[in-house]
Every structure is written in structure tokens, then in C-alpha cells.
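K.L.:
Just one file: my_file.cif, with mmCIF, C-alpha atoms.
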```cif
data_query
loop_
_atom_site.label_atom_id
_atom_site.label_comp_id
_atom_site.auth_asym_id
_atom_site.auth_seq_id
_atom_site.Cartn_x
_atom_site.Cartn_y
_atom_site.Cartn_z
CA MET A 1 134.14 167.47 26.46
CA SER A 2 132.86 165.56 29.48
CA TYR A 3 132.45 167.35 32.80
CA THR A 4 131.65 164.21 34.78
CA THR A 5 133.66 161.07 35.42
CA VAL A 6 132.38 157.93 33.76
CA SER A 7 132.64 154.97 36.12
CA ASP A 8 135.45 152.46 35.57
CA ARG A 9 132.81 149.75 35.21
CA ASN A 10 131.11 151.50 32.30
CA ARG A 11 134.42 152.46 30.69
CA THR A 12 135.45 148.82 30.61
CA ARG A 13 132.07 147.66 29.35
CA LEU A 14 132.09 150.28 26.60
CA TRP A 15 135.55 149.26 25.42
CA VAL A 16 134.37 145.65 25.22
CA LEU A 17 131.12 146.46 23.41
CA ALA A 18 132.97 148.65 20.88
CA GLY A 19 135.75 146.12 20.33
CA GLY A 20 138.33 148.82 21.01
CA ARG A 21 137.36 150.63 17.80
CA CYS A 22 135.77 153.96 16.94
CA GLU A 23 131.99 153.59 16.80
CA TYR A 24 131.42 156.33 14.21
CA ARG A 25 129.90 154.81 11.07
CA GLY A 26 132.58 154.12 8.47
CA CYS A 27 135.53 154.88 10.76
CA ASN A 28 136.19 151.74 12.83
CA GLU A 29 139.70 152.97 13.76
CA ILE A 30 141.62 150.89 16.28
CA LEU A 31 141.91 152.96 19.46
CA TRP A 32 144.45 150.95 21.42
CA ARG A 33 147.33 151.17 18.91
CA ASP A 34 149.30 153.96 17.24
CA SER A 35 148.48 153.81 13.54
CA ILE A 36 152.05 154.82 12.59
CA THR A 37 154.37 153.14 15.10
CA MET A 38 151.98 150.29 15.95
CA GLY A 39 152.86 150.88 19.59
CA LYS A 40 150.21 150.29 22.25
CA MET A 41 148.38 153.40 23.43
CA ASN A 42 144.95 154.69 24.41
CA LYS A 43 143.70 157.27 21.93
CA ALA A 44 140.00 156.82 22.65
CA TYR A 45 137.47 159.41 23.76
CA ILE A 46 134.34 158.46 25.67
CA ALA A 47 131.66 160.73 24.24
CA HIS A 48 128.16 161.43 25.50
CA VAL A 49 125.31 161.18 23.02
CA VAL A 50 123.24 163.44 25.27
CA ALA A 51 125.78 165.80 26.88
CA ASP A 52 126.41 165.47 30.61
CA ARG A 53 125.38 169.11 31.06
CA PRO A 54 122.22 170.81 29.75
CA TYR A 55 124.06 173.36 27.60
CA GLY A 56 126.41 170.81 25.99
CA PRO A 57 125.97 169.07 22.60
CA ARG A 58 122.48 167.51 22.50
CA GLY A 59 122.10 168.43 26.18
CA ASP A 60 118.80 168.38 28.05
CA VAL A 61 117.72 170.02 31.30
CA VAL A 62 116.52 166.74 32.81
CA ARG A 63 118.14 163.91 30.82
CA SER A 64 121.73 165.19 30.89
CA ASP A 65 122.05 164.40 34.58
CA GLN A 66 120.13 161.13 34.27
CA LEU A 67 122.29 159.79 31.42
CA LYS A 68 125.74 161.09 32.34
CA ASP A 69 126.98 157.62 33.39
CA ASP A 70 124.51 155.48 31.44
CA LEU A 71 126.24 152.98 29.16
CA ARG A 72 123.44 153.39 26.60
CA ASN A 73 124.41 157.06 26.25
CA LEU A 74 128.16 156.54 25.76
CA MET A 75 130.16 156.09 22.56
CA LEU A 76 133.81 155.17 22.06
CA LEU A 77 135.29 157.53 19.45
CA CYS A 78 138.58 158.63 17.96
CA ASP A 79 139.65 162.26 18.29
CA GLN A 80 138.53 163.26 14.78
CA CYS A 81 135.06 161.71 15.10
CA HIS A 82 134.64 163.12 18.60
CA ARG A 83 135.28 166.64 17.30
CA ARG A 84 133.00 166.00 14.33
CA ILE A 85 129.93 165.14 16.39
CA ASP A 86 130.43 167.73 19.16
CA LYS A 87 131.85 170.75 17.34
CA GLU A 88 132.51 170.71 13.62
CA GLN A 89 129.25 169.06 12.44
CA LEU A 90 127.06 169.22 15.51
CA GLN A 91 123.80 169.87 13.63
CA GLU A 92 124.34 166.81 11.40
CA HIS A 93 124.59 164.52 14.44
CA PRO A 94 121.36 164.52 16.45
CA GLU A 95 120.79 161.96 19.17
CA GLU A 96 118.93 159.44 17.00
CA VAL A 97 121.73 159.35 14.40
CA LEU A 98 124.42 158.65 17.00
CA LEU A 99 122.34 156.00 18.77
CA LYS A 100 121.86 154.20 15.46
CA MET A 101 125.61 154.29 14.79
CA LYS A 102 126.31 152.93 18.27
CA ARG A 103 123.77 150.13 17.85
CA GLU A 104 125.05 149.12 14.40
CA HIS A 105 128.67 149.06 15.53
CA GLU A 106 128.08 147.10 18.72
CA ASP A 107 125.82 144.62 16.92
CA ARG A 108 128.61 144.04 14.40
CA ILE A 109 131.22 143.53 17.11
CA GLU A 110 128.96 141.07 18.91
CA LEU A 111 128.38 139.15 15.69
CA ALA A 112 132.09 139.07 14.78
CA THR A 113 133.12 137.75 18.19
CA ALA A 114 130.37 135.11 18.11
CA LEU A 115 131.45 133.64 14.78
CA ARG A 116 133.32 130.35 14.66
CA PRO A 117 136.38 129.53 12.51
CA GLU A 118 134.14 127.62 10.10
CA ASP A 119 132.14 130.82 9.51
CA ARG A 120 135.11 132.51 7.80
CA THR A 121 134.87 133.44 4.14
CA HIS A 122 137.04 134.81 1.37
CA VAL A 123 135.21 137.92 0.13
CA LEU A 124 135.69 138.40 -3.61
CA LEU A 125 134.73 141.62 -5.41
CA TYR A 126 134.62 141.71 -9.18
CA GLY A 127 133.48 144.83 -11.00
CA SER A 128 133.63 145.88 -14.62
CA ASN A 129 131.78 148.70 -16.33
CA ILE A 130 128.69 147.78 -18.32
CA GLY A 131 128.89 150.25 -21.17
CA ALA A 132 129.14 153.65 -19.49
CA ILE A 133 127.62 152.37 -16.21
CA THR A 134 130.22 152.01 -13.48
CA SER A 135 130.22 149.14 -11.02
CA PRO A 136 128.19 149.81 -7.80
CA LEU A 137 130.39 147.65 -5.57
CA THR A 138 131.13 149.18 -2.16
CA GLU A 139 132.73 147.62 0.89
CA ARG A 140 129.99 148.91 3.18
CA GLY A 141 127.25 147.33 1.11
CA CYS A 142 129.05 144.01 1.16
CA GLU A 143 129.59 144.20 4.93
CA GLU A 144 125.87 144.56 5.54
CA ALA A 145 125.18 141.39 3.53
CA LEU A 146 127.92 139.45 5.32
CA GLN A 147 126.53 140.40 8.72
CA LYS A 148 123.10 139.17 7.71
CA ALA A 149 124.61 135.90 6.48
CA ARG A 150 126.70 135.56 9.68
CA ARG A 151 130.00 135.39 7.85
CA LEU A 152 133.43 136.68 8.97
CA ARG A 153 135.98 138.00 6.48
CA THR A 154 139.34 136.23 6.44
CA THR A 155 141.16 139.45 5.57
CA PRO A 156 140.59 143.04 6.75
CA ASN A 157 139.71 144.10 3.22
CA PRO A 158 137.84 142.23 0.47
CA ILE A 159 139.89 140.68 -2.32
CA SER A 160 139.35 142.59 -5.54
CA LEU A 161 139.53 140.83 -8.90
CA SER A 162 138.69 144.04 -10.74
CA TRP A 163 140.99 145.63 -13.30
CA ARG A 164 141.53 149.37 -13.17
CA GLY A 165 143.77 149.60 -16.25
CA ARG A 166 141.17 148.90 -18.93
CA LYS A 167 141.33 151.15 -21.99
CA THR A 168 138.54 149.66 -24.10
CA GLU A 169 134.77 149.44 -23.64
CA ASP A 170 132.54 146.43 -24.13
CA HIS A 171 131.62 147.35 -27.72
CA GLU A 172 135.21 147.75 -28.94
CA ASP A 173 137.54 145.24 -30.60
CA GLY A 174 139.76 143.34 -28.18
CA TYR A 175 137.64 144.07 -25.12
CA TRP A 176 136.61 140.50 -24.33
CA ARG A 177 140.05 139.00 -24.87
CA THR A 178 141.82 141.49 -22.61
CA GLU A 179 139.10 141.35 -19.92
CA VAL A 180 139.19 137.55 -19.77
CA GLU A 181 142.99 137.49 -19.66
CA GLU A 182 143.05 140.00 -16.80
CA LEU A 183 140.31 138.19 -14.86
CA GLN A 184 142.21 134.91 -15.21
CA ARG A 185 145.44 136.60 -14.11
CA GLN A 186 143.82 138.20 -11.05
CA PHE A 187 142.10 134.95 -10.08
CA ALA A 188 145.32 132.96 -10.46
CA ALA A 189 147.19 135.47 -8.29
CA PHE A 190 144.50 135.21 -5.62
CA THR A 191 144.43 131.41 -5.55
CA ALA A 192 148.23 131.29 -5.43
CA SER A 193 148.37 133.53 -2.36
CA ALA A 194 145.25 132.38 -0.50
CA ARG A 195 145.44 129.52 1.96
CA LEU A 196 142.49 127.69 0.45
CA SER A 197 143.08 124.71 2.71
CA ASP A 198 142.28 126.92 5.71
CA VAL A 199 139.15 128.60 4.34
CA ASN A 200 136.63 126.60 2.37
CA HIS A 201 134.09 129.29 1.60
CA PHE A 202 133.71 132.22 -0.79
CA SER A 203 131.37 135.23 -0.73
CA VAL A 204 131.10 136.78 -4.19
CA PHE A 205 129.90 140.31 -4.99
CA ALA A 206 130.02 141.10 -8.69
CA HIS A 207 128.73 143.54 -11.26
CA ALA A 208 129.94 143.18 -14.84
CA PRO A 209 128.77 142.24 -18.35
CA GLN A 210 127.10 138.84 -18.21
CA PRO A 211 129.71 136.90 -20.23
CA LEU A 212 132.38 137.95 -17.74
CA LEU A 213 130.17 136.94 -14.81
CA ILE A 214 129.71 133.50 -16.36
CA LYS A 215 133.48 133.26 -16.84
CA LEU A 216 134.03 134.21 -13.19
CA GLY A 217 131.66 131.43 -12.14
CA ALA A 218 133.50 128.96 -14.35
CA LEU A 219 136.77 129.87 -12.62
CA LEU A 220 135.23 129.42 -9.19
CA THR A 221 133.50 126.11 -10.07
CA ASP A 222 131.64 124.13 -7.42
CA GLN A 223 134.85 123.11 -5.65
CA PHE A 224 134.13 125.24 -2.58
CA PRO A 225 130.87 126.31 -0.95
CA THR A 226 130.10 129.77 -2.30
CA ASP A 227 127.53 132.46 -1.56
CA VAL A 228 126.85 134.63 -4.59
CA TYR A 229 125.09 137.89 -3.77
CA GLN A 230 122.60 139.92 -5.80
CA LEU A 231 122.20 143.70 -5.79
CA HIS A 232 118.51 144.41 -5.21
CA ARG A 233 117.07 147.71 -6.42
CA GLU A 234 113.74 147.82 -4.56
CA PRO A 235 112.56 148.86 -2.02
CA LYS A 236 116.12 150.07 -1.41
CA SER A 237 119.48 149.30 -2.93
CA THR A 238 121.07 146.45 -0.95
CA TRP A 239 123.13 143.28 -1.38
CA VAL A 240 121.28 141.57 1.48
CA TRP A 241 119.23 138.61 0.27
CA GLN A 242 115.50 139.19 0.75
CA GLU A 243 112.87 136.75 1.98
CA ASP A 244 110.16 137.21 -0.67
CA ASP A 245 110.08 134.99 -3.76
CA ASP A 246 106.85 136.18 -5.48
CA GLY A 247 105.78 132.57 -6.03
CA LEU A 248 107.61 132.29 -9.34
CA ILE A 249 108.22 129.05 -11.18
CA TYR A 250 111.14 128.70 -13.59
CA LYS A 251 110.47 126.87 -16.82
CA LEU A 252 112.56 124.85 -19.22
CA HIS A 253 111.20 124.87 -22.78
CA ILE A 254 112.45 121.83 -24.65
CA PRO A 255 112.41 122.03 -28.48
CA ALA A 256 110.07 119.62 -30.26
CA THR A 257 112.75 118.65 -32.79
CA ILE A 258 116.47 118.24 -32.22
CA ALA A 259 118.18 119.37 -35.43
CA GLY A 260 121.11 121.80 -35.62
CA PRO A 261 123.61 123.08 -33.06
CA PRO A 262 122.21 123.74 -29.56
CA VAL A 263 121.28 127.22 -28.36
CA LEU A 264 120.34 128.02 -24.75
CA LYS A 265 118.36 131.18 -24.09
CA LEU A 266 118.44 132.30 -20.46
CA ALA A 267 115.53 134.75 -20.61
CA LEU A 268 115.18 135.69 -16.95
CA SER A 269 115.70 139.44 -16.63
CA GLY A 270 114.25 140.15 -20.06
CA THR A 271 112.58 138.54 -23.05
CA ILE A 272 114.76 137.19 -25.89
CA ASN A 273 112.86 136.72 -29.14
CA ASP A 274 113.95 133.79 -31.31
CA GLU A 275 114.52 136.18 -34.21
CA ARG A 276 117.31 137.91 -32.29
CA VAL A 277 118.98 134.53 -31.80
CA THR A 278 118.64 133.15 -35.32
CA GLU A 279 120.23 136.31 -36.76
CA VAL A 280 123.63 135.35 -35.27
CA ALA A 281 123.41 131.70 -34.17
CA PRO A 282 124.57 128.87 -36.46
CA ARG A 283 122.13 128.11 -39.23
CA GLY A 284 119.37 125.66 -38.25
CA ALA A 285 120.14 125.95 -34.54
CA THR A 286 117.92 124.18 -32.01
CA ILE A 287 116.72 126.61 -29.34
CA TRP A 288 116.30 125.60 -25.69
CA THR A 289 114.96 128.17 -23.20
CA VAL A 290 115.07 128.70 -19.45
CA THR A 291 112.66 131.45 -18.48
CA ARG A 292 109.89 132.56 -16.11
CA ASP A 293 106.62 134.44 -16.35
CA ASN A 294 107.11 138.19 -16.69
CA PRO A 295 110.92 138.35 -16.87
CA HIS A 296 112.38 141.52 -15.33
CA ASN A 297 115.69 142.67 -13.90
CA ASP A 298 114.83 142.70 -10.18
CA HIS A 299 112.93 139.45 -9.81
CA LEU A 300 115.63 137.38 -8.09
CA ARG A 301 115.05 138.15 -4.41
CA SER A 302 115.89 135.11 -2.30
CA LEU A 303 118.39 132.29 -1.94
CA THR A 304 115.53 129.86 -2.44
CA GLN A 305 114.91 131.30 -5.89
CA LEU A 306 118.59 131.10 -6.75
CA SER A 307 118.75 127.46 -5.67
CA LEU A 308 115.73 126.59 -7.82
CA LEU A 309 117.28 128.39 -10.76
CA ARG A 310 120.56 126.51 -10.35
CA LYS A 311 118.69 123.22 -10.50
CA ILE A 312 116.75 124.02 -13.65
CA MET A 313 119.85 125.39 -15.42
CA ARG A 314 121.72 122.21 -14.45
CA THR A 315 118.84 120.13 -15.80
CA ALA A 316 118.96 122.08 -19.06
CA MET A 317 122.71 121.44 -19.43
CA ASP A 318 122.23 117.70 -18.88
CA LYS A 319 119.33 117.40 -21.32
CA ILE A 320 121.11 119.40 -24.02
CA LYS A 321 124.20 117.20 -23.77
CA ALA A 322 122.08 114.04 -23.90
CA ALA A 323 120.17 115.30 -26.95
CA HIS A 324 123.04 116.78 -28.98
CA GLY A 325 126.06 114.71 -27.97
CA GLU A 326 129.36 115.70 -26.40
CA ASP A 327 131.06 117.25 -29.42
CA GLU A 328 128.79 120.24 -29.96
CA THR A 329 129.36 123.80 -28.78
CA LEU A 330 126.53 125.29 -26.74
CA HIS A 331 125.60 128.81 -27.86
CA VAL A 332 124.40 130.76 -24.80
CA PHE A 333 122.26 133.90 -25.00
CA PRO A 334 121.94 135.35 -21.46
CA ALA A 335 119.53 137.93 -20.09
CA MET A 336 119.79 137.17 -16.40
CA PRO A 337 120.52 138.63 -12.95
CA VAL A 338 124.12 138.97 -11.79
CA SER A 339 124.02 136.12 -9.27
CA ALA A 340 122.35 133.80 -11.78
CA ALA A 341 125.09 134.49 -14.35
CA VAL A 342 127.84 133.63 -11.85
CA GLU A 343 125.98 130.49 -10.75
CA PHE A 344 125.49 129.42 -14.36
CA GLY A 345 129.26 129.44 -14.74
CA ARG A 346 129.74 127.59 -11.46
CA ILE A 347 127.39 124.70 -12.31
CA ARG A 348 129.30 123.88 -15.48
CA MET A 349 131.46 120.77 -15.07
CA PRO A 350 134.72 121.51 -16.94
CA LYS A 351 135.53 117.93 -17.97
CA ALA A 352 131.99 116.77 -18.71
CA ASP A 353 129.91 119.61 -20.15
CA LEU A 354 129.84 121.07 -23.63
CA SER A 355 132.09 123.94 -24.62
CA MET A 356 130.16 127.20 -24.54
CA LEU A 357 130.15 130.32 -26.68
CA ILE A 358 128.60 133.20 -24.74
CA TYR A 359 126.87 136.00 -26.64
CA ASP A 360 126.60 139.58 -25.38
CA GLN A 361 123.70 141.96 -26.00
CA ASN A 362 124.93 145.45 -26.87
CA ARG A 363 123.03 148.14 -28.74
CA LEU A 364 126.28 149.66 -30.01
CA THR A 365 127.14 146.43 -31.82
CA GLY A 366 123.65 145.90 -33.23
CA GLY A 367 122.32 143.19 -30.88
CA PHE A 368 123.80 139.89 -29.76
CA THR A 369 127.42 139.21 -30.74
CA PRO A 370 129.84 136.39 -29.78
CA SER A 371 132.04 137.34 -26.84
CA ILE A 372 133.67 134.61 -24.74
CA THR A 373 134.34 130.93 -25.35
CA ILE A 374 134.62 128.58 -22.36
CA THR A 375 136.17 125.22 -23.13
CA GLN A 376 137.60 124.02 -19.83
#
```
Will you turn the file into C-alpha cells for me?

P.N.:
Amino acid sequence: MSYTTVSDRNRTRLWVLAGGRCEYRGCNEILWRDSITMGKMNKAYIAHVVADRPYGPRGDVVRSDQLKDDLRNLMLLCDQCHRRIDKEQLQEHPEEVLLKMKREHEDRIELATALRPEDRTHVLLYGSNIGAITSPLTERGCEEALQKARRLRTTPNPISLSWRGRKTEDHEDGYWRTEVEELQRQFAAFTASARLSDVNHFSVFAHAPQPLLIKLGALLTDQFPTDVYQLHREPKSTWVWQEDDDGLIYKLHIPATIAGPPVLKLALSGTINDERVTEVAPRGATIWTVTRDNPHNDHLRSLTQLSLLRKIMRTAMDKIKAAHGEDETLHVFPAMPVSAAVEFGRIRMPKADLSMLIYDQNRLTGGFTPSITITQ
């Protein structure tokens, strides 16, 4: 509770900086409208980070008086968050924590109000369990990446293409058919409701078995500009694209002899030995490979890398079609990062490229097995 009167000037400035919303991290509640009746009201509290009296929450003998009407020391909060920081969880909310929340919130409001209509994006989330591993998609993680990319969501909440009613796992019969059908249904429902003529950009956050990621990319196509994000594991878990690219060079290995049906190995996040391919691929298959030195699952760090990878995968598709003709089916064996799998689906030209049979690596099924066919 404040014991001093905050000046009208600083009250107004704080409301503007906070965008009329609670500044507590993860809350963001609108403070000028009743959440039930939608009627206009003021339900905001102006809280002091350092209390305006020495014996108050985070108070100080000298600084409390100095900061009592300092905009840098004021936060706009809802009633629940105000009580949380001053009474119920006082010890968990030291000065530095609250100042970081204030800075993050006001930076986000400034960014959102600076964005232009052409900076809007449809945010698509697609998650499916990989074996027993659940999808790590969270709205907060996506928001951080969007802020860095200077993008504004078209809707208050991301659009989810995920399916919560699944009853089978990725090693069981019928899994791929039902997952593809549900993904296609969700995507069709989204495109039918979205005003695609108004927004010509997508931001995609996905985590699923690689065949489904490729299928998602094939549904998206290259019709609209799209940013596909990658979950990075080191040095911390984040969807924000990094700047480092470790100087890597992607390589396309072209077979010396063109004989049987074409196989494309995408050995980027792990090594794929030819023996693992020939066990299940058509007899006498010709193996093409896109790879890099030292493949591992956290190598894709920057948009520059992803752009280079798109180009070499597109080159591989063109050369395979030229060498094998238009009537073959391309057998694809992927070991690649999430964003690369989605982009591989996006670069495929439905009317021009070969049909593809995507294989999935699963220990429970004994290695690579056919999963999804993409023909259009």
C-alpha cells in the first residue's frame, strides 16, 4: 500500500508505458476493462518496487524517499499481482526481479506499438509427441522469439494445429494415417477461417516426428513468406534464432552411377549409414545425401544456416528429378532439425516435384520404416 501520492504526470506515463496491462510477468491482464462484463473501469494498482516508506516491502532508509515518485520505481499491477509481490510472496520478489519484469513488459509494449500492419503474422503451433517425449511448445517461448523478430501476432493467442485426442503412439499401427488426417483437417479449418488476404506471413513453431514436420511444410508451401523457428538447447533453451553459424558448409553427395529408384538421405542431426537405408529401401536404390561435417542435433543456429540449407536441399531435388525422371518416387530418410524438416516440405513444388515416401527412424519398430507419402 502506498503512503504517498504519485503525481498525475507519472500516473499517466506509467499507464502508457504499460499499455494499460498488468506488468507482472505472465499476467498481462487488461486493467481498464471488467473481465466479466467488459465494462470500462480502472482496476489498476500503482505499486512501488522500493516501498515509499523504509519499513515497507523492499523499503530503504534513504532510497524510499528518493524513489517514491520516480517512474523507474513504479509498476502497474492488477490486485492479485499487487498482493503477491507485497504480501503473499514478498521474499520471492526482490527489487531486481521486479525491475526486470517491468523492463521486459514495457519493452514489449513499445515494440508492439511500433510495429506496422505489414509486420503482422499468423502464429502457428504444431506439437506431437515423439515417442514418450512431450512437445516443448509454450506461448511464452514463442513470444520471446517473435519480439526478437519484430513480429506482431494477428490474434491474441497462437493458432494451434495440434491434436489432443490421439490414442496411438508413433510405433503403433494406424498412427501415421490418423496423424496426417488430423493435421490436414486442422490446417484446412485454419485456412478456411483465416483472412489470408489480410495477412501474408506465418510464424511456425513446431515439435513433432520428422515425417509430420515435412508434411506440415508441404501444406504451408512457399505461397506465403514464412519464418520457421528452431528450439535451441544450448546455452539455454530458446526459440530465438542465434547469430553464430560455426562456419559449417552443407554438402550434396551425388552418386557416381544412376541406377535404381532415388533415395535422399538428409543426414544433418545424425549420421545415417547406407546399410540402414538399403535394408528397407527398394532394391538397387541410388542414394543421394545432403549432410555436413560432424552432424549433431543442435547445429542449426542461425537463419543464414537455414537459408543455405534450403538452397542445397532444393538443388538436390532438382538434380534427382533430372537424373531419374518425373515418374519415380523419392524415398526420403531424414535425420534433421525441426526447422529444416518443415522447410524441406515447404520447398517441394506440388505440381513439379517427385512424389515422396518419408521414412521414420524408431527403435521400437527396428529402425527406419515407411510412414507418410506426399503426392501433391

K.L.:
Determine, for each residue of segment 171-273 of chain A having at least one atom at most 8 Å from an atom of segment 318-326 of chain A, the closest pair of atoms and their separation in Å to one decimal, counting all atoms listed in the file; order by chain and ascending number, as a tab-separated table.

P.N.:
```
residue	atom	partner	partner_atom	distance
A:Ile258	CA	A:Ala323	CA	7.1
A:Pro261	CA	A:His324	CA	7.5
A:Pro262	CA	A:His324	CA	7.0
```

K.L.:
Taking into account all atoms listed in the file, which residue in the set A:Gly367, A:Pro211, A:Gly59, A:Gly127 is nearest to Thr278 of chain A?

P.N.:
A:Gly367

K.L.:
The PyMOL selection byres ((chain A and resi 263-274) around 6) on the file shown: which residues, as JSON, numbers by chain?

P.N.:
{"A": [262, 275, 276, 277, 286, 287, 288, 289, 290, 291, 295, 296, 297, 330, 331, 332, 333, 334, 335, 336]}

K.L.:
Expanded to explicit residues, what is the PyMOL selection byres ((chain A and resi 373) around 6) for this file, as a PyMOL selection string?

P.N.:
chain A and resi 356-357+372+374

K.L.:
I'd like the residues picked by the PyMOL selection byres ((chain A and resi 104) around 12) written out as a list in words, using the chain letters and numbers from the file.

P.N.:
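For this structure, the PyMOL selection byres ((chain A and resi 104) around 12) captures Leu17, Ala18, Glu23, Tyr24, Arg25, Gly26, Asn28, Met75, Val97, Leu98, Leu99, Lys100, Met101, Lys102, Arg103, His105, Glu106, Asp107, Arg108, Ile109, Glu110, Leu111, Glu143, Glu144 and Gln147 of chain A.
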
K.L.:
For atom CA of Thr238 of chain A and atom CA of Leu303 of chain A, quote the distance in Å rounded to one decimal.

P.N.:
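The value is 14.4 Å.
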
K.L.:
Counting all atoms listed in the file, what is within 7 Å of segment 226-229 of chain A, bar same-chain residues fewer than 4 positions away, as a list of chain:residue names?

P.N.:
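Listing them by chain and then by number gives A:His201, A:Phe202, A:Ser203, A:Val204, A:Phe205, A:Trp239, A:Ser339.
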
K.L.:
Please identify all polymer residues lying at most 7 Å from the point (125.3, 124.2, -11.3) (file coordinates), using all atoms listed in the file, and present the result as a list in words.

P.N.:
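Those residues lying close to the given coordinates are Arg310, Lys311, Met313, Arg314, Glu343, Phe344, Arg346, Ile347 and Arg348 of chain A.
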
K.L.:
For Ser160 of chain A, find every residue with an atom within 6 Å (counting only C-alpha atoms), except residues of its own chain fewer than 2 positions away, and show them as a PDB file with C-alpha atoms, in the coordinates of the input.

P.N.:
```pdb
ATOM      1  CA  LEU A 124     135.690 138.400  -3.610  1.00  0.00           C
ATOM      2  CA  LEU A 125     134.730 141.620  -5.410  1.00  0.00           C
ATOM      3  CA  SER A 162     138.690 144.040 -10.740  1.00  0.00           C
TER       4      SER A 162
END
```

K.L.:
Taking into account only C-alpha atoms, which residue in the set A:Gln184, A:Ser193, A:Thr365, A:Thr4 is nearest to Leu219 of chain A?

P.N.:
A:Gln184

K.L.:
Taking (132.4, 162.7, 30.9) in the file's coordinates as the center, which residues reach within 10 Å of it, counting all atoms listed in the file, put as a PyMOL selection string?

P.N.:
chain A and resi 1-7+45-48+51-53+68-69+74

K.L.:
Any chance you can output those residues with C-alpha atoms as a PDB file, in the frame of the given file?

P.N.:
```pdb
ATOM      1  CA  MET A   1     134.140 167.470  26.460  1.00  0.00           C
ATOM      2  CA  SER A   2     132.860 165.560  29.480  1.00  0.00           C
ATOM      3  CA  TYR A   3     132.450 167.350  32.800  1.00  0.00           C
ATOM      4  CA  THR A   4     131.650 164.210  34.780  1.00  0.00           C
ATOM      5  CA  THR A   5     133.660 161.070  35.420  1.00  0.00           C
ATOM      6  CA  VAL A   6     132.380 157.930  33.760  1.00  0.00           C
ATOM      7  CA  SER A   7     132.640 154.970  36.120  1.00  0.00           C
ATOM      8  CA  TYR A  45     137.470 159.410  23.760  1.00  0.00           C
ATOM      9  CA  ILE A  46     134.340 158.460  25.670  1.00  0.00           C
ATOM     10  CA  ALA A  47     131.660 160.730  24.240  1.00  0.00           C
ATOM     11  CA  HIS A  48     128.160 161.430  25.500  1.00  0.00           C
ATOM     12  CA  ALA A  51     125.780 165.800  26.880  1.00  0.00           C
ATOM     13  CA  ASP A  52     126.410 165.470  30.610  1.00  0.00           C
ATOM     14  CA  ARG A  53     125.380 169.110  31.060  1.00  0.00           C
ATOM     15  CA  LYS A  68     125.740 161.090  32.340  1.00  0.00           C
ATOM     16  CA  ASP A  69     126.980 157.620  33.390  1.00  0.00           C
ATOM     17  CA  LEU A  74     128.160 156.540  25.760  1.00  0.00           C
TER      18      LEU A  74
END
```

K.L.:
Point out the residue among A:Thr121, A:Ser302, A:Ser371, A:Gln66 with the least atom-to-atom distance to Trp241 of chain A, counting all atoms listed in the file.

P.N.:
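Nearest candidate to Trp241 of chain A out of A:Thr121, A:Ser302, A:Ser371, A:Gln66: A:Ser302.
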
K.L.:
With distances taken over all atoms listed in the file, which residue among A:Leu306, A:Cys78, A:Leu216, A:Leu183 lies nearest Ile249 of chain A?

P.N.:
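Smallest separation from Ile249 of chain A among the options: A:Leu306.
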
K.L.:
Could you tell me how far atom CA of Gln80 of chain A sits from atom CA of Pro158 of chain A, in Å to one decimal place?

P.N.:
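So the answer is 25.4 Å.
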
K.L.:
I'd like the interatomic distance between atom CA of Asp60 of chain A and atom CA of Gly19 of chain A, to a tenth of an Å.

P.N.:
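Taking atom CA of Asp60 of chain A and atom CA of Gly19 of chain A, their separation equals 29.0 Å.
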
K.L.:
Quick one: everything within 8 Å of Gly20 of chain A, counting all atoms listed in the file, minus sequence neighbours fewer than 4 positions away in the same chain. Send it as a VMD selection string.

P.N.:
chain A and resid 15 to 16 30 to 32 76

K.L.:
Could you write those residues out with C-alpha atoms, as a compact mmCIF listing (two decimals), in the coordinates of the input?

P.N.:
```
# COMPACT_ATOMS: atom_id res chain seq x y z
CA TRP A 15 135.55 149.26 25.42
CA VAL A 16 134.37 145.65 25.22
CA ILE A 30 141.62 150.89 16.28
CA LEU A 31 141.91 152.96 19.46
CA TRP A 32 144.45 150.95 21.42
CA LEU A 76 133.81 155.17 22.06
```

K.L.:
For Lys43 of chain A, which of A:Cys81, A:Tyr55, A:Ala206, A:Ile159 is the closest residue, counting all atoms listed in the file?

P.N.:
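The closest residue to Lys43 of chain A is A:Cys81.
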
K.L.:
Could you check which of A:Leu152, A:Ala256, A:Ser35, A:Ala285 is closest to Thr329 of chain A, using only C-alpha atoms?

P.N.:
A:Ala285

K.L.:
Can you pull out every residue within 6 Å of Phe368 of chain A, counting only C-alpha atoms, but drop anything in the same chain fewer than 4 positions away, and send it as a ChimeraX atom specification?

P.N.:
/A:359-361

K.L.:
Just to be explicit: take each residue in the selection above, keep C-alpha atoms, and write the result as a PDB file, in the coordinates of the input.

P.N.:
```pdb
ATOM      1  CA  TYR A 359     126.870 136.000 -26.640  1.00  0.00           C
ATOM      2  CA  ASP A 360     126.600 139.580 -25.380  1.00  0.00           C
ATOM      3  CA  GLN A 361     123.700 141.960 -26.000  1.00  0.00           C
TER       4      GLN A 361
END
```

K.L.:
Export segment 251-262 of chain A of the preceding structure, keeping N, CA and C atoms, as a tab-separated table (two decimals), in the first residue's frame.

P.N.:
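As written to disk, out35.tsv reads:
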```
chain	number	residue	atom	x	y	z
A	251	LYS	N	26.80	-30.14	-47.65
A	251	LYS	CA	27.34	-30.86	-48.80
A	251	LYS	C	26.27	-31.72	-49.44
A	252	LEU	N	26.30	-31.77	-50.75
A	252	LEU	CA	25.45	-32.67	-51.51
A	252	LEU	C	26.33	-33.74	-52.15
A	253	HIS	N	26.16	-34.98	-51.75
A	253	HIS	CA	26.91	-36.10	-52.32
A	253	HIS	C	26.08	-36.73	-53.43
A	254	ILE	N	26.60	-36.62	-54.64
A	254	ILE	CA	25.90	-37.13	-55.82
A	254	ILE	C	26.44	-38.52	-56.15
A	255	PRO	N	25.57	-39.51	-56.34
A	255	PRO	CA	26.05	-40.87	-56.62
A	255	PRO	C	26.79	-40.94	-57.96
A	256	ALA	N	27.79	-41.80	-58.02
A	256	ALA	CA	28.58	-41.94	-59.25
A	256	ALA	C	27.77	-42.57	-60.37
A	257	THR	N	26.84	-43.45	-60.01
A	257	THR	CA	26.04	-44.16	-61.01
A	257	THR	C	24.57	-44.01	-60.68
A	258	ILE	N	23.78	-43.66	-61.67
A	258	ILE	CA	22.33	-43.56	-61.50
A	258	ILE	C	21.73	-44.87	-61.97
A	259	ALA	N	21.18	-45.64	-61.02
A	259	ALA	CA	20.66	-46.97	-61.36
A	259	ALA	C	19.19	-47.09	-60.96
A	260	GLY	N	18.96	-47.57	-59.72
A	260	GLY	CA	17.59	-47.83	-59.26
A	260	GLY	C	16.88	-46.60	-58.75
A	261	PRO	N	15.77	-46.82	-58.05
A	261	PRO	CA	14.94	-45.72	-57.52
A	261	PRO	C	15.75	-44.76	-56.65
A	262	PRO	N	15.41	-43.48	-56.64
A	262	PRO	CA	16.20	-42.50	-55.89
A	262	PRO	C	15.89	-42.50	-54.40
```
